[in-house]
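Take a look at the structure set out below.
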Amino acid sequence: VCLDEVDIGFVPDVSASVGESNFNMVREAIAGALLTLDIGQSTLRVAVMTYHAEAFVHLRFDETVSAGSVADAILGIAYDSSELFGTATGFALTEFTRVLLDVDAGWRGGDTLVYVVTDGVSQDPVESAALYLKSMASQVVAIGVTSRVNVAELATIASSESDVIVIADYSMLGDVIFGDIEQRQMCGGSTTTSGGTGAPATTTTTTTTTTTTTT
């Protein structure tokens, strides 16, 4: 997916294993990358949902105003220090698709790029949830952080093998997201339609509660 009137979604894991310091790097990585883009209702729209055993909507596509306001909203997301920790990635993918890939949330139904970031293995099944997401989104990039991730599970989530990115730690996340977005800014040409795949991602090797999952 090249970046031209695209809806971009972020679904980062905020489970206990992530921790507050790493989550701060997640916020900074996403906000920093988005500050380089032309964001607005008629250009690029952004939505953000974090998750552990529950899923939390922080930003809807129809709340996108400018790069600065979106970055401020993301930097203002607090780390959830409650005891509801788990890694329900399948649930989060379903909720993101159901709640945010909807016209009522400002989703335009066209080209849609979704980044899923996790540092572990899901405690619930991801197969059907990933298919549901990919039936609506043009391209899904799965970013795994640390050696705890299951690469096969990431491949199930991602649109293709080239959309699986594995990095050693969260300090690398900013460069990875920025690099992937920069590539898409330069790719030009035609974009894909919903349900297809676009330009491959670079592979690196080294609030409001919506619903409660039962785990």
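Labels used: A, B, ... for chains in the order of the structure tokens, numbers from 1 for residues in each chain, and numbers from 1 for ligands as shown.
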Tell me which protein, DNA and RNA residues are within 10 Å of stretch 32-34 of chain A, counting only C-alpha atoms, leaving out same-chain ones fewer than 2 positions away, and put them as a list in words.
->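 In the requested format, the answer is Ile8, Val26, Arg27, Glu28, Ala29, Ile30, Thr36, Leu37, Asp38, Ile39, Leu44, Val46, Ser66, Ala67, Gly68, Val70, Ala71, Ile74, Leu75, Gly174, Asp175, Val176, Ile177, Phe178, Gly179, Asp180, Ile181 and Glu182 of chain A.
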Residues of stretch 50-154 of chain A in strand (DSSP E or B), written as a VMD selection string | chain A and resid 50 to 51 54 to 59 112 to 118 139 to 145
Proximity to A:Val18 - best of A:Glu54, A:Glu63, A:Asp169, A:Glu5, only C-alpha atoms =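 So, comparing all the options, the nearest one is A:Asp169.
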Shell around stretch 112-123 of chain A at 8 Å using only C-alpha atoms, local window under 5 positions removed, as a PyMOL selection string = chain A and resi 1+6-13+17-18+86-90+136-146+148-150+153+194+215
Atom CA of A:Val164 to atom CA of A:Lys134, distance in Å rounded to a single decimal =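 Atom-to-atom, atom CA of A:Val164 to atom CA of A:Lys134, that is 14.2 Å.
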Looking only at helix (DSSP H, G or I) from DSSP on the backbone, list the matching residues of stretch 57-141 of chain A as a ChimeraX atom specification.
-> /A:61-63,67-75,89-100,103-105,127-134
Export of the given selection (C-alpha atoms) as a PDB file, in the first residue's frame:
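After the write, part_2.pdb holds the following:
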```
ATOM      1  CA  PHE A  61     -10.216   7.525  11.966  1.00  0.00           C
ATOM      2  CA  ASP A  62     -12.803  10.301  12.175  1.00  0.00           C
ATOM      3  CA  GLU A  63     -10.805  11.999  14.950  1.00  0.00           C
ATOM      4  CA  ALA A  67      -0.119  15.053  12.275  1.00  0.00           C
ATOM      5  CA  GLY A  68       0.539  17.127  15.369  1.00  0.00           C
ATOM      6  CA  SER A  69      -2.799  16.429  17.027  1.00  0.00           C
ATOM      7  CA  VAL A  70      -2.573  12.716  16.242  1.00  0.00           C
ATOM      8  CA  ALA A  71       0.972  12.521  17.628  1.00  0.00           C
ATOM      9  CA  ASP A  72      -0.130  14.351  20.787  1.00  0.00           C
ATOM     10  CA  ALA A  73      -3.033  11.940  21.238  1.00  0.00           C
ATOM     11  CA  ILE A  74      -0.722   8.937  20.902  1.00  0.00           C
ATOM     12  CA  LEU A  75       1.888  10.362  23.275  1.00  0.00           C
ATOM     13  CA  THR A  89      -4.073 -10.859  20.045  1.00  0.00           C
ATOM     14  CA  GLY A  90      -6.892 -12.692  18.287  1.00  0.00           C
ATOM     15  CA  PHE A  91      -9.472 -10.771  20.284  1.00  0.00           C
ATOM     16  CA  ALA A  92      -7.720  -7.473  19.531  1.00  0.00           C
ATOM     17  CA  LEU A  93      -7.665  -8.136  15.787  1.00  0.00           C
ATOM     18  CA  THR A  94     -11.365  -8.933  15.853  1.00  0.00           C
ATOM     19  CA  GLU A  95     -12.178  -5.807  17.855  1.00  0.00           C
ATOM     20  CA  PHE A  96     -10.056  -3.568  15.653  1.00  0.00           C
ATOM     21  CA  THR A  97     -11.841  -4.849  12.568  1.00  0.00           C
ATOM     22  CA  ARG A  98     -15.313  -4.738  14.114  1.00  0.00           C
ATOM     23  CA  VAL A  99     -15.042  -1.369  15.861  1.00  0.00           C
ATOM     24  CA  LEU A 100     -12.616   0.690  13.770  1.00  0.00           C
ATOM     25  CA  VAL A 103     -17.810   3.873   8.504  1.00  0.00           C
ATOM     26  CA  ASP A 104     -19.115   5.013  11.894  1.00  0.00           C
ATOM     27  CA  ALA A 105     -15.488   5.249  13.067  1.00  0.00           C
ATOM     28  CA  GLU A 127      -6.343 -17.536  12.617  1.00  0.00           C
ATOM     29  CA  SER A 128      -9.975 -16.535  12.112  1.00  0.00           C
ATOM     30  CA  ALA A 129      -9.388 -13.055  13.558  1.00  0.00           C
ATOM     31  CA  ALA A 130      -6.503 -12.470  11.151  1.00  0.00           C
ATOM     32  CA  LEU A 131      -8.611 -13.596   8.191  1.00  0.00           C
ATOM     33  CA  TYR A 132     -11.371 -11.230   9.303  1.00  0.00           C
ATOM     34  CA  LEU A 133      -8.928  -8.320   9.505  1.00  0.00           C
ATOM     35  CA  LYS A 134      -7.294  -9.123   6.164  1.00  0.00           C
TER      36      LYS A 134
END
```
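One finds atom CA of A:Phe56 at 9.9 Å from atom CA of A:Asp80.
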